[in-house]
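Novice: Dropping in data_12.cif, which is mmCIF, C-alpha atoms and all ligand atoms:
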```
data_data
loop_
_atom_site.label_atom_id
_atom_site.label_comp_id
_atom_site.auth_asym_id
_atom_site.auth_seq_id
_atom_site.Cartn_x
_atom_site.Cartn_y
_atom_site.Cartn_z
CA MET A 10 0.00 0.00 0.00
CA LYS A 11 1.38 3.41 -0.99
CA ILE A 12 0.33 6.48 0.96
CA LEU A 13 0.86 10.16 0.17
CA GLY A 14 1.40 12.07 3.42
CA ILE A 15 0.88 15.83 3.71
CA GLU A 16 2.01 17.83 6.76
CA THR A 17 1.59 21.61 7.07
CA SER A 18 0.99 22.12 10.80
CA CYS A 19 3.49 24.95 11.38
CA ASP A 20 6.37 26.35 9.30
CA GLU A 21 7.33 23.17 7.41
CA THR A 22 5.53 22.18 4.22
CA ALA A 23 6.04 18.46 3.73
CA ALA A 24 4.94 15.65 1.43
CA ALA A 25 6.11 12.03 1.44
CA ILE A 26 5.23 8.75 -0.20
CA ILE A 27 5.56 5.70 2.02
CA GLU A 28 5.07 2.04 1.18
CA ASN A 29 3.47 -0.29 3.74
CA GLY A 30 4.04 2.15 6.59
CA GLU A 31 7.80 1.57 6.63
CA LYS A 32 9.56 2.23 3.36
CA ILE A 33 10.29 5.83 2.39
CA LEU A 34 9.88 6.29 -1.38
CA SER A 35 10.21 10.07 -1.09
CA ASN A 36 10.25 12.59 1.74
CA ILE A 37 10.28 16.31 0.85
CA VAL A 38 10.34 19.14 3.38
CA ALA A 39 10.33 22.86 2.57
CA THR A 40 10.71 25.20 5.51
CA SER A 41 10.10 28.88 6.10
CA ALA A 42 12.27 28.76 9.27
CA ASP A 43 14.82 31.22 7.82
CA MET A 44 12.06 33.80 7.43
CA HIS A 45 10.94 33.24 11.04
CA ALA A 46 14.55 33.40 12.25
CA LYS A 47 14.50 37.10 11.32
CA THR A 48 11.59 37.73 13.70
CA GLY A 49 12.79 35.30 16.39
CA GLY A 50 9.75 33.01 16.09
CA VAL A 51 6.92 31.87 13.83
CA ILE A 52 4.41 34.51 12.69
CA PRO A 53 1.30 32.37 11.99
CA GLU A 54 -0.05 34.42 9.04
CA GLU A 55 3.35 34.41 7.33
CA ALA A 56 3.75 30.67 7.91
CA ALA A 57 0.31 30.02 6.34
CA ARG A 58 1.16 32.17 3.31
CA GLN A 59 4.34 30.17 2.77
CA GLN A 60 2.34 26.93 3.06
CA VAL A 61 0.12 28.08 0.17
CA ILE A 62 3.17 28.85 -1.96
CA SER A 63 4.99 25.59 -1.20
CA VAL A 64 2.36 22.88 -0.87
CA LEU A 65 1.77 21.93 -4.54
CA PRO A 66 5.45 22.09 -5.61
CA VAL A 67 6.39 19.96 -2.59
CA ILE A 68 3.76 17.31 -3.48
CA GLU A 69 4.88 17.37 -7.12
CA THR A 70 8.50 16.84 -6.05
CA ALA A 71 7.49 13.96 -3.77
CA PHE A 72 5.88 12.18 -6.75
CA LYS A 73 8.85 12.91 -9.01
CA GLU A 74 11.37 11.64 -6.49
CA ALA A 75 9.38 8.43 -5.92
CA GLY A 76 8.94 7.96 -9.69
CA LEU A 77 5.20 7.54 -9.20
CA SER A 78 1.95 9.17 -10.29
CA GLU A 79 -1.36 9.61 -8.46
CA LYS A 80 -2.61 6.31 -9.94
CA ASP A 81 -0.09 4.48 -7.74
CA ILE A 82 -1.41 6.02 -4.51
CA ASP A 83 -3.93 4.15 -2.33
CA LEU A 84 -4.53 6.77 0.36
CA VAL A 85 -3.92 10.43 1.18
CA ALA A 86 -2.96 11.20 4.80
CA VAL A 87 -2.96 14.69 6.26
CA THR A 88 -2.21 16.31 9.63
CA VAL A 89 -5.38 17.87 11.07
CA GLY A 90 -3.91 19.04 14.39
CA PRO A 91 -2.54 20.18 16.69
CA GLY A 92 -0.88 23.11 14.95
CA LEU A 93 -1.49 26.60 13.63
CA ILE A 94 -4.98 26.91 12.17
CA GLY A 95 -3.95 28.78 9.01
CA SER A 96 -1.09 26.38 8.25
CA LEU A 97 -3.20 23.28 8.97
CA LEU A 98 -6.00 24.44 6.66
CA VAL A 99 -3.63 24.59 3.68
CA GLY A 100 -2.71 20.89 3.98
CA ILE A 101 -6.28 19.88 4.80
CA GLU A 102 -7.80 21.71 1.85
CA THR A 103 -5.14 20.25 -0.44
CA ALA A 104 -5.84 16.70 0.82
CA ARG A 105 -9.61 17.18 0.49
CA THR A 106 -9.23 18.40 -3.09
CA LEU A 107 -6.88 15.56 -4.07
CA SER A 108 -9.22 13.03 -2.46
CA LEU A 109 -12.16 14.36 -4.46
CA LEU A 110 -10.21 14.56 -7.73
CA TRP A 111 -8.39 11.24 -7.46
CA LYS A 112 -11.22 9.39 -5.66
CA LYS A 113 -8.83 8.19 -2.94
CA PRO A 114 -9.73 7.87 0.75
CA VAL A 115 -8.22 10.30 3.29
CA VAL A 116 -6.80 9.57 6.74
CA ALA A 117 -6.92 12.51 9.17
CA GLY A 118 -3.76 12.42 11.28
CA ASN A 119 -3.00 13.51 14.83
CA HIS A 120 0.31 15.39 14.54
CA LEU A 121 1.58 14.26 17.96
CA VAL A 122 0.72 10.58 17.59
CA ALA A 123 2.11 10.68 14.05
CA HIS A 124 5.49 11.95 15.35
CA VAL A 125 5.83 8.62 17.19
CA TYR A 126 5.50 6.73 13.88
CA ALA A 127 8.88 8.07 12.76
CA ASN A 128 10.05 5.07 14.82
CA TRP A 129 8.38 2.67 12.38
CA LEU A 130 10.37 4.09 9.45
CA SER A 131 13.53 2.19 10.34
CA GLU A 132 14.68 -1.38 9.87
CA SER A 133 13.79 -2.75 13.29
CA GLN A 134 10.24 -2.16 14.47
CA PRO A 135 9.09 -1.22 17.99
CA ILE A 136 7.35 -3.87 20.08
CA PHE A 137 4.27 -3.13 22.23
CA PRO A 138 3.70 -2.13 24.94
CA ALA A 139 5.79 0.94 24.17
CA LEU A 140 6.39 4.11 26.16
CA ALA A 141 6.66 7.18 23.92
CA LEU A 142 8.16 10.54 24.87
CA VAL A 143 6.91 13.17 22.42
CA VAL A 144 8.92 16.38 22.74
CA SER A 145 8.17 19.09 20.21
CA GLY A 146 7.98 22.86 19.98
CA GLY A 147 4.48 23.05 21.42
CA HIS A 148 4.03 19.79 23.34
CA THR A 149 5.69 17.45 25.81
CA ASP A 150 3.80 14.22 26.45
CA LEU A 151 4.57 10.80 27.83
CA VAL A 152 2.20 8.09 26.59
CA LEU A 153 1.89 4.34 26.98
CA MET A 154 1.03 2.62 23.69
CA LYS A 155 -0.46 -0.82 24.18
CA SER A 156 -1.14 -1.26 20.47
CA HIS A 157 -1.72 0.92 17.41
CA GLY A 158 -4.42 3.41 18.34
CA ASN A 159 -4.45 2.44 22.04
CA LEU A 160 -2.74 5.30 23.88
CA GLU A 161 -2.78 6.16 27.56
CA TRP A 162 -1.49 9.56 28.71
CA ILE A 163 1.00 9.18 31.57
CA GLY A 164 2.32 12.71 31.98
CA GLY A 165 3.39 15.90 30.29
CA THR A 166 4.43 19.47 30.80
CA ARG A 167 2.43 21.72 33.09
CA ASP A 168 3.59 24.88 31.31
CA ASP A 169 6.12 25.33 28.48
CA ALA A 170 7.00 22.49 26.13
CA ALA A 171 10.59 21.21 26.05
CA GLY A 172 11.12 22.64 22.54
CA GLU A 173 9.62 25.94 23.64
CA ALA A 174 12.13 26.01 26.53
CA PHE A 175 14.97 25.53 24.02
CA ASP A 176 13.52 28.25 21.77
CA LYS A 177 12.91 30.80 24.55
CA CYS A 178 16.27 30.23 26.27
CA ALA A 179 18.06 30.51 22.90
CA ARG A 180 16.41 33.86 22.37
CA LEU A 181 17.60 35.03 25.81
CA LEU A 182 21.12 33.96 24.88
CA GLY A 183 20.93 35.85 21.58
CA LEU A 184 20.93 32.62 19.53
CA PRO A 185 18.81 32.21 16.37
CA TYR A 186 15.45 30.44 15.95
CA PRO A 187 14.87 27.51 16.09
CA GLY A 188 16.53 27.42 19.48
CA GLY A 189 17.07 23.66 19.84
CA PRO A 190 19.66 23.28 17.09
CA SER A 191 21.29 26.65 18.03
CA ILE A 192 21.66 25.69 21.69
CA SER A 193 22.91 22.25 20.82
CA SER A 194 25.51 23.62 18.42
CA GLU A 195 26.76 26.25 20.95
CA ALA A 196 26.81 23.63 23.71
CA SER A 197 29.05 21.40 21.62
CA LYS A 198 31.72 24.14 21.76
CA TYR A 199 31.84 23.87 25.56
CA GLN A 200 34.30 21.37 26.91
CA ASN A 201 32.24 19.75 29.61
CA LYS A 202 34.21 19.01 32.75
CA ASN A 203 32.25 15.95 33.86
CA GLY A 204 29.30 16.78 36.04
CA ASP A 205 29.87 20.53 36.24
CA LEU A 206 26.62 21.46 34.50
CA LYS A 207 24.46 22.24 37.51
CA MET A 208 23.77 25.98 37.10
CA PHE A 209 20.01 25.74 36.47
CA PRO A 210 17.24 24.07 38.52
CA ARG A 211 15.77 20.62 37.77
CA PRO A 212 12.13 21.21 38.76
CA MET A 213 9.59 18.57 39.81
CA LEU A 214 12.06 15.76 40.38
CA THR A 215 10.79 15.23 43.92
CA ASP A 216 7.24 15.06 42.56
CA LYS A 217 5.86 11.54 42.03
CA SER A 218 3.97 12.41 38.84
CA PHE A 219 5.42 12.01 35.36
CA ASP A 220 4.95 15.73 34.71
CA TRP A 221 7.48 18.42 33.88
CA SER A 222 7.72 22.18 34.26
CA PHE A 223 10.02 24.20 32.02
CA SER A 224 8.86 27.78 32.53
CA GLY A 225 11.17 28.36 35.52
CA LEU A 226 14.20 27.61 33.38
CA LYS A 227 13.75 30.66 31.17
CA THR A 228 13.39 32.86 34.28
CA ALA A 229 16.62 31.39 35.69
CA VAL A 230 18.39 31.97 32.37
CA LEU A 231 17.04 35.54 32.19
CA ARG A 232 18.35 36.29 35.70
CA LYS A 233 21.74 34.82 34.84
CA VAL A 234 21.98 36.81 31.59
CA GLN A 235 20.76 40.08 33.14
CA GLY A 236 22.96 39.75 36.21
CA SER A 237 25.83 38.70 34.06
CA LYS A 238 28.90 40.25 35.50
CA SER A 239 30.02 36.67 35.82
CA ASN A 240 31.28 36.46 32.24
CA VAL A 241 29.85 33.01 31.67
CA SER A 242 30.39 32.13 28.01
CA ILE A 243 27.46 31.45 25.66
CA PRO A 244 28.67 27.88 24.96
CA LYS A 245 28.72 27.19 28.73
CA LEU A 246 25.24 28.72 29.22
CA ALA A 247 23.92 26.73 26.23
CA ALA A 248 25.39 23.53 27.65
CA GLU A 249 23.78 24.33 31.02
CA VAL A 250 20.33 24.90 29.44
CA GLN A 251 20.57 21.74 27.38
CA GLU A 252 21.69 19.64 30.35
CA ALA A 253 18.88 20.99 32.57
CA ILE A 254 16.23 20.04 29.98
CA VAL A 255 17.80 16.68 29.12
CA ASP A 256 18.27 15.69 32.78
CA VAL A 257 14.61 16.05 33.73
CA LEU A 258 13.31 14.44 30.54
CA VAL A 259 15.53 11.39 31.00
CA GLU A 260 14.96 11.08 34.75
CA LYS A 261 11.15 11.15 34.65
CA THR A 262 10.88 8.99 31.52
CA LEU A 263 13.08 6.28 32.98
CA ARG A 264 11.05 6.33 36.19
CA ALA A 265 8.03 5.57 33.99
CA VAL A 266 9.97 2.75 32.30
CA LYS A 267 10.59 1.21 35.73
CA LYS A 268 6.94 1.56 36.72
CA PHE A 269 5.20 0.43 33.51
CA LYS A 270 7.88 -1.98 32.22
CA PRO A 271 7.25 -1.44 28.50
CA GLN A 272 9.12 -3.44 25.84
CA SER A 273 10.18 -0.36 23.84
CA LEU A 274 11.00 3.26 24.59
CA LEU A 275 10.31 5.60 21.66
CA LEU A 276 11.57 9.17 21.31
CA ALA A 277 9.65 11.50 19.00
CA GLY A 278 9.26 15.17 18.04
CA GLY A 279 11.79 17.85 17.12
CA VAL A 280 13.62 17.78 20.47
CA ALA A 281 14.27 14.05 19.93
CA ALA A 282 16.83 15.19 17.34
CA ASN A 283 18.96 16.44 20.25
CA GLN A 284 22.17 14.43 20.37
CA ARG A 285 22.76 14.92 24.10
CA LEU A 286 19.22 13.70 24.90
CA ARG A 287 19.73 10.56 22.83
CA GLU A 288 23.17 9.89 24.37
CA LYS A 289 21.90 10.38 27.91
CA PHE A 290 18.98 8.00 27.38
CA GLU A 291 21.36 5.39 25.98
CA SER A 292 23.90 5.75 28.79
CA GLU A 293 21.31 5.82 31.59
CA ILE A 294 19.46 2.76 30.20
CA LYS A 295 22.82 0.98 30.28
CA ASN A 296 23.87 2.29 33.73
CA GLN A 297 20.53 1.42 35.27
CA LYS A 298 20.51 -1.98 33.48
CA LEU A 299 17.00 -1.43 32.15
CA LYS A 300 15.65 -4.14 29.88
CA ILE A 301 14.12 -2.04 27.17
CA LYS A 302 14.70 -1.51 23.45
CA PHE A 303 15.40 2.17 22.84
CA PHE A 304 14.33 3.82 19.57
CA ALA A 305 15.19 7.33 18.36
CA PRO A 306 14.42 8.18 14.73
CA PRO A 307 17.13 9.72 12.52
CA PRO A 308 17.17 13.49 13.33
CA ARG A 309 15.59 14.49 9.97
CA LEU A 310 12.58 12.29 10.81
CA CYS A 311 12.23 13.81 14.31
CA THR A 312 11.36 17.33 13.13
CA ASP A 313 8.15 17.92 11.18
CA ASN A 314 7.87 15.84 8.01
CA ALA A 315 5.15 13.96 6.13
CA ALA A 316 6.74 10.50 6.23
CA TYR A 317 5.49 9.91 9.77
CA ILE A 318 1.96 11.02 8.84
CA ALA A 319 1.87 8.45 6.02
CA SER A 320 3.23 5.73 8.32
CA TYR A 321 0.66 6.63 10.99
CA ALA A 322 -2.10 6.39 8.36
CA TYR A 323 -0.95 2.91 7.31
CA PHE A 324 -1.13 1.58 10.88
CA SER A 325 -4.27 3.50 11.93
CA LYS A 326 -6.23 2.55 8.81
CA SER A 327 -9.22 4.70 9.79
CA THR A 328 -10.33 6.81 6.87
CA THR A 329 -12.54 9.89 7.11
CA PRO A 330 -14.83 11.10 4.29
CA TRP A 331 -13.27 14.23 2.77
CA THR A 332 -16.45 16.13 3.58
CA SER A 333 -15.90 15.70 7.34
CA ILE A 334 -12.19 16.52 7.64
CA ASP A 335 -11.57 19.69 9.57
CA ALA A 336 -8.65 21.45 11.28
CA ARG A 337 -8.18 20.60 14.98
CA PRO A 338 -5.60 23.13 16.24
CA GLU A 339 -6.14 22.18 19.90
CA LEU A 340 -6.08 18.38 19.48
CA THR A 341 -4.22 16.55 22.27
CA ILE A 342 -2.17 13.39 21.88
CA VAL A 343 -5.06 11.29 23.19
CA GLY A 344 -7.80 13.41 21.59
CA GLN A 345 -10.31 11.75 19.24
CA ILE A 346 -10.36 12.93 15.63
O1 LIG B 401 8.32 18.56 16.14
P1 LIG B 401 8.84 19.85 15.66
O2 LIG B 401 9.67 19.87 14.41
O3 LIG B 401 7.69 20.87 15.44
C1 LIG B 401 6.59 20.94 16.32
O4 LIG B 401 5.71 20.11 16.17
O5 LIG B 401 6.67 21.79 17.23
O6 LIG B 401 9.67 20.47 16.87
C2 LIG B 401 10.25 21.73 16.80
C3 LIG B 401 11.01 21.95 18.07
C4 LIG B 401 11.56 23.36 18.20
O7 LIG B 401 11.26 23.84 19.48
C5 LIG B 401 13.06 23.16 18.02
O8 LIG B 401 13.84 24.11 18.73
C6 LIG B 401 13.25 21.76 18.58
O9 LIG B 401 12.12 21.04 18.14
N1 LIG B 401 14.47 21.10 18.07
C7 LIG B 401 15.48 20.74 18.85
C8 LIG B 401 16.49 20.22 18.00
N2 LIG B 401 16.02 20.28 16.72
C9 LIG B 401 14.78 20.83 16.78
N3 LIG B 401 15.65 20.83 20.19
C10 LIG B 401 16.81 20.40 20.71
N4 LIG B 401 17.82 19.91 19.95
C11 LIG B 401 17.71 19.80 18.61
N5 LIG B 401 18.71 19.31 17.90
ZN ZN B 402 5.79 18.42 15.15
#
```
With the file now loaded, output its structure as structure tokens.
Specialist:
Amino acid sequence: MKILGIETSCDETAAAIIENGEKILSNIVATSADMHAKTGGVIPEEAARQQVISVLPVIETAFKEAGLSEKDIDLVAVTVGPGLIGSLLVGIETARTLSLLWKKPVVAGNHLVAHVYANWLSESQPIFPALALVVSGGHTDLVLMKSHGNLEWIGGTRDDAAGEAFDKCARLLGLPYPGGPSISSEASKYQNKNGDLKMFPRPMLTDKSFDWSFSGLKTAVLRKVQGSKSNVSIPKLAAEVQEAIVDVLVEKTLRAVKKFKPQSLLLAGGVAANQRLREKFESEIKNQKLKIKFFAPPPRLCTDNAAYIASYAYFSKSTTPWTSIDARPELTIVGQI
């Protein structure tokens, strides 16, 4: 089965063609991030305008790269939420139109659940039950997946998302948007003297829930930057921010691994591209001798793309008539479409 995926939830315009939920035949992503870098963050109207400009060329390129035409496609999958309403509507309207024209069914995709399916686009496949940590620019959720479509919410952020914390702290440090890659690249310039990265607080670690709080971090960074007669270098501050975020994500997630004893641990979302986060999970799983198979998609499949939407559609198999598909900007990871 070949599925065309379309993803336009924020500032990436993406189309991909995936075979049987696993094999990437093409995966095209156009981004307007450079434009948003000038303003330090995404301006929703501008992002939507860019979606309109990019969506058809991106789909055309996805077909060209796969060497296929619309006759070869069995399904069209599209992100319906969460995301920016204007951006979402561009992908949705495109999918509705293609469905009507080509007479192909449509699968409406949950952006957050779909991120997790980047883990099915590799050679070895996750085994259920799986615990998934979804860390993106707008969301931070921990969910237990007993099977495809059977998700239980375990915890999440009570305020800012992990990606948002990277983005806001980067801004305070004068680093460009998106903040995650900027912080990670600055941090790599800092020669870490083992264990000396303790400048910022690790909130909620004494709390028994599987929740996080990241809003205090930006306040702590602001205080440090404003009161900065201390001459702390940007690479050191970036390494401190990264370590504070990574520490709490790894600690709480591995507590959940011990409690729920899943077979697989799946990382997903843009922040999952973070090298330090991936390394720390790997080393802590080893140190704590946890019996779990750890999955982290290749970095280019962590950030927004359409390959995961097509994979999600293959495994979810629930089509929606094109007449009833609508944007769901506020959809949660366990929300019904
Ligand atoms: O999943 P995503 O591409 O878009 C949303 O659905 O939000 O995630 C974007 C977020 C941004 O906050 C960005 O700063 C963060 O992912 N991000 C990273 C890295 N690459 C992207 N955060 C930390 N390290 C990275 N390497
Ligand atoms: Zn995303």
Novice: Would you list the residues that come within 9 Å of ligand ZN 402 (chain B)? Count all atoms listed in the file and give the answer as a ChimeraX atom specification.
Specialist: /A:18-19,91-92,120-121,123-124,144-148,277-279,311-314
Novice: Find the spatial neighbours of Asn36 (chain A), counting only C-alpha atoms, within a cut-off of 8 Å - ignore same-chain residues fewer than 4 positions away - and output them as a list in words.
Specialist: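 Counting only the stated atoms, we get Ala23, Ala24, Ala25, Ile26, Ala71, Asn314, Ala315 and Ala316 of chain A.
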Novice: Output C-alpha atoms for every residue in the selection just made, as a PDB file, keeping the file's coordinate frame.
Specialist:
```
ATOM      1  CA  ALA A  23       6.040  18.460   3.730  1.00  0.00           C
ATOM      2  CA  ALA A  24       4.940  15.650   1.430  1.00  0.00           C
ATOM      3  CA  ALA A  25       6.110  12.030   1.440  1.00  0.00           C
ATOM      4  CA  ILE A  26       5.230   8.750  -0.200  1.00  0.00           C
ATOM      5  CA  ALA A  71       7.490  13.960  -3.770  1.00  0.00           C
ATOM      6  CA  ASN A 314       7.870  15.840   8.010  1.00  0.00           C
ATOM      7  CA  ALA A 315       5.150  13.960   6.130  1.00  0.00           C
ATOM      8  CA  ALA A 316       6.740  10.500   6.230  1.00  0.00           C
TER       9      ALA A 316
END
```
Novice: Determine the nearest neighbour of Tyr199 (chain A) from the options A:Glu249, A:Glu260, A:Asp169, A:Glu16, counting all atoms listed in the file.
Specialist: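 For Tyr199 (chain A), the nearest of the given residues is A:Glu249.
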Novice: Please compute the CA of Ser193 (chain A)-atom C2 of ligand LIG 401 (chain B) distance, one decimal, in Å.
Specialist: 13.3 Å
Novice: Show which residues sit within 12 Å of Pro271 (chain A), as a PDB file with C-alpha atoms, keeping the file's coordinate frame. Count all atoms listed in the file, and ignore same-chain residues fewer than 2 positions away.
Specialist:
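Result file is part-v6.pdb:
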```pdb
ATOM      1  CA  PRO A 135       9.090  -1.220  17.990  1.00  0.00           C
ATOM      2  CA  ILE A 136       7.350  -3.870  20.080  1.00  0.00           C
ATOM      3  CA  PHE A 137       4.270  -3.130  22.230  1.00  0.00           C
ATOM      4  CA  PRO A 138       3.700  -2.130  24.940  1.00  0.00           C
ATOM      5  CA  ALA A 139       5.790   0.940  24.170  1.00  0.00           C
ATOM      6  CA  LEU A 140       6.390   4.110  26.160  1.00  0.00           C
ATOM      7  CA  ALA A 141       6.660   7.180  23.920  1.00  0.00           C
ATOM      8  CA  VAL A 152       2.200   8.090  26.590  1.00  0.00           C
ATOM      9  CA  LEU A 153       1.890   4.340  26.980  1.00  0.00           C
ATOM     10  CA  MET A 154       1.030   2.620  23.690  1.00  0.00           C
ATOM     11  CA  LYS A 155      -0.460  -0.820  24.180  1.00  0.00           C
ATOM     12  CA  SER A 156      -1.140  -1.260  20.470  1.00  0.00           C
ATOM     13  CA  THR A 262      10.880   8.990  31.520  1.00  0.00           C
ATOM     14  CA  LEU A 263      13.080   6.280  32.980  1.00  0.00           C
ATOM     15  CA  ARG A 264      11.050   6.330  36.190  1.00  0.00           C
ATOM     16  CA  ALA A 265       8.030   5.570  33.990  1.00  0.00           C
ATOM     17  CA  VAL A 266       9.970   2.750  32.300  1.00  0.00           C
ATOM     18  CA  LYS A 267      10.590   1.210  35.730  1.00  0.00           C
ATOM     19  CA  LYS A 268       6.940   1.560  36.720  1.00  0.00           C
ATOM     20  CA  PHE A 269       5.200   0.430  33.510  1.00  0.00           C
ATOM     21  CA  SER A 273      10.180  -0.360  23.840  1.00  0.00           C
ATOM     22  CA  LEU A 274      11.000   3.260  24.590  1.00  0.00           C
ATOM     23  CA  LEU A 275      10.310   5.600  21.660  1.00  0.00           C
ATOM     24  CA  LEU A 299      17.000  -1.430  32.150  1.00  0.00           C
ATOM     25  CA  LYS A 300      15.650  -4.140  29.880  1.00  0.00           C
ATOM     26  CA  ILE A 301      14.120  -2.040  27.170  1.00  0.00           C
ATOM     27  CA  LYS A 302      14.700  -1.510  23.450  1.00  0.00           C
ATOM     28  CA  PHE A 303      15.400   2.170  22.840  1.00  0.00           C
TER      29      PHE A 303
END
```
Novice: Of the candidates A:Leu206, A:Ile334, A:Val38, A:Val343, which one gets nearest to Ala104 (chain A) if we count all atoms listed in the file?
Specialist: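 Between A:Leu206, A:Ile334, A:Val38, A:Val343, the residue approaching Ala104 (chain A) most closely is A:Ile334.
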Novice: Which polymer residues have any atom within 9 Å of an atom of region 213-222 of chain A, counting all atoms listed in the file, with same-chain residues fewer than 2 positions away left out, as a list of chain:residue names?
Specialist: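 Everything that qualifies: A:Thr149, A:Asp150, A:Leu151, A:Ile163, A:Gly164, A:Gly165, A:Thr166, A:Arg167, A:Asp168, A:Asp169, A:Ala170, A:Ala171, A:Arg211, A:Ser224, A:Gly225, A:Leu226, A:Val257, A:Leu258, A:Glu260, A:Lys261, A:Thr262, A:Arg264, A:Ala265.
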Novice: Report, in Å with one decimal, the straight-line distance from atom O4 of ligand LIG 401 (chain B) to CA of Ser78 (chain A).
Specialist: 28.9 Å
Novice: Give the answer as one residue: which of A:Ile294, A:Ala253, A:Ile27, A:Ala305 has the shortest atom-to-atom distance to Phe72 (chain A), using all atoms listed in the file?
Specialist: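 Ranked by minimum distance to Phe72 (chain A), first place goes to A:Ile27.
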Novice: For region 75-172 of chain A against region 53-64 of chain A, with a cut-off of 7 Å and counting all atoms listed in the file, what is the closest atom pair and its distance in Å to one decimal for every residue that makes the cut, ordered by chain and number, as CSV?
Specialist:
```
residue,atom,partner,partner_atom,distance
A:Leu93,CA,A:Pro53,CA,6.6
A:Gly95,CA,A:Ala57,CA,5.2
A:Ser96,CA,A:Ala57,CA,4.3
A:Val99,CA,A:Val61,CA,6.2
```
Novice: What does the file look like for those residues with C-alpha atoms, as a PDB file, keeping the file's coordinate frame?
Specialist:
```pdb
ATOM      1  CA  LEU A  93      -1.490  26.600  13.630  1.00  0.00           C
ATOM      2  CA  GLY A  95      -3.950  28.780   9.010  1.00  0.00           C
ATOM      3  CA  SER A  96      -1.090  26.380   8.250  1.00  0.00           C
ATOM      4  CA  VAL A  99      -3.630  24.590   3.680  1.00  0.00           C
TER       5      VAL A  99
END
```
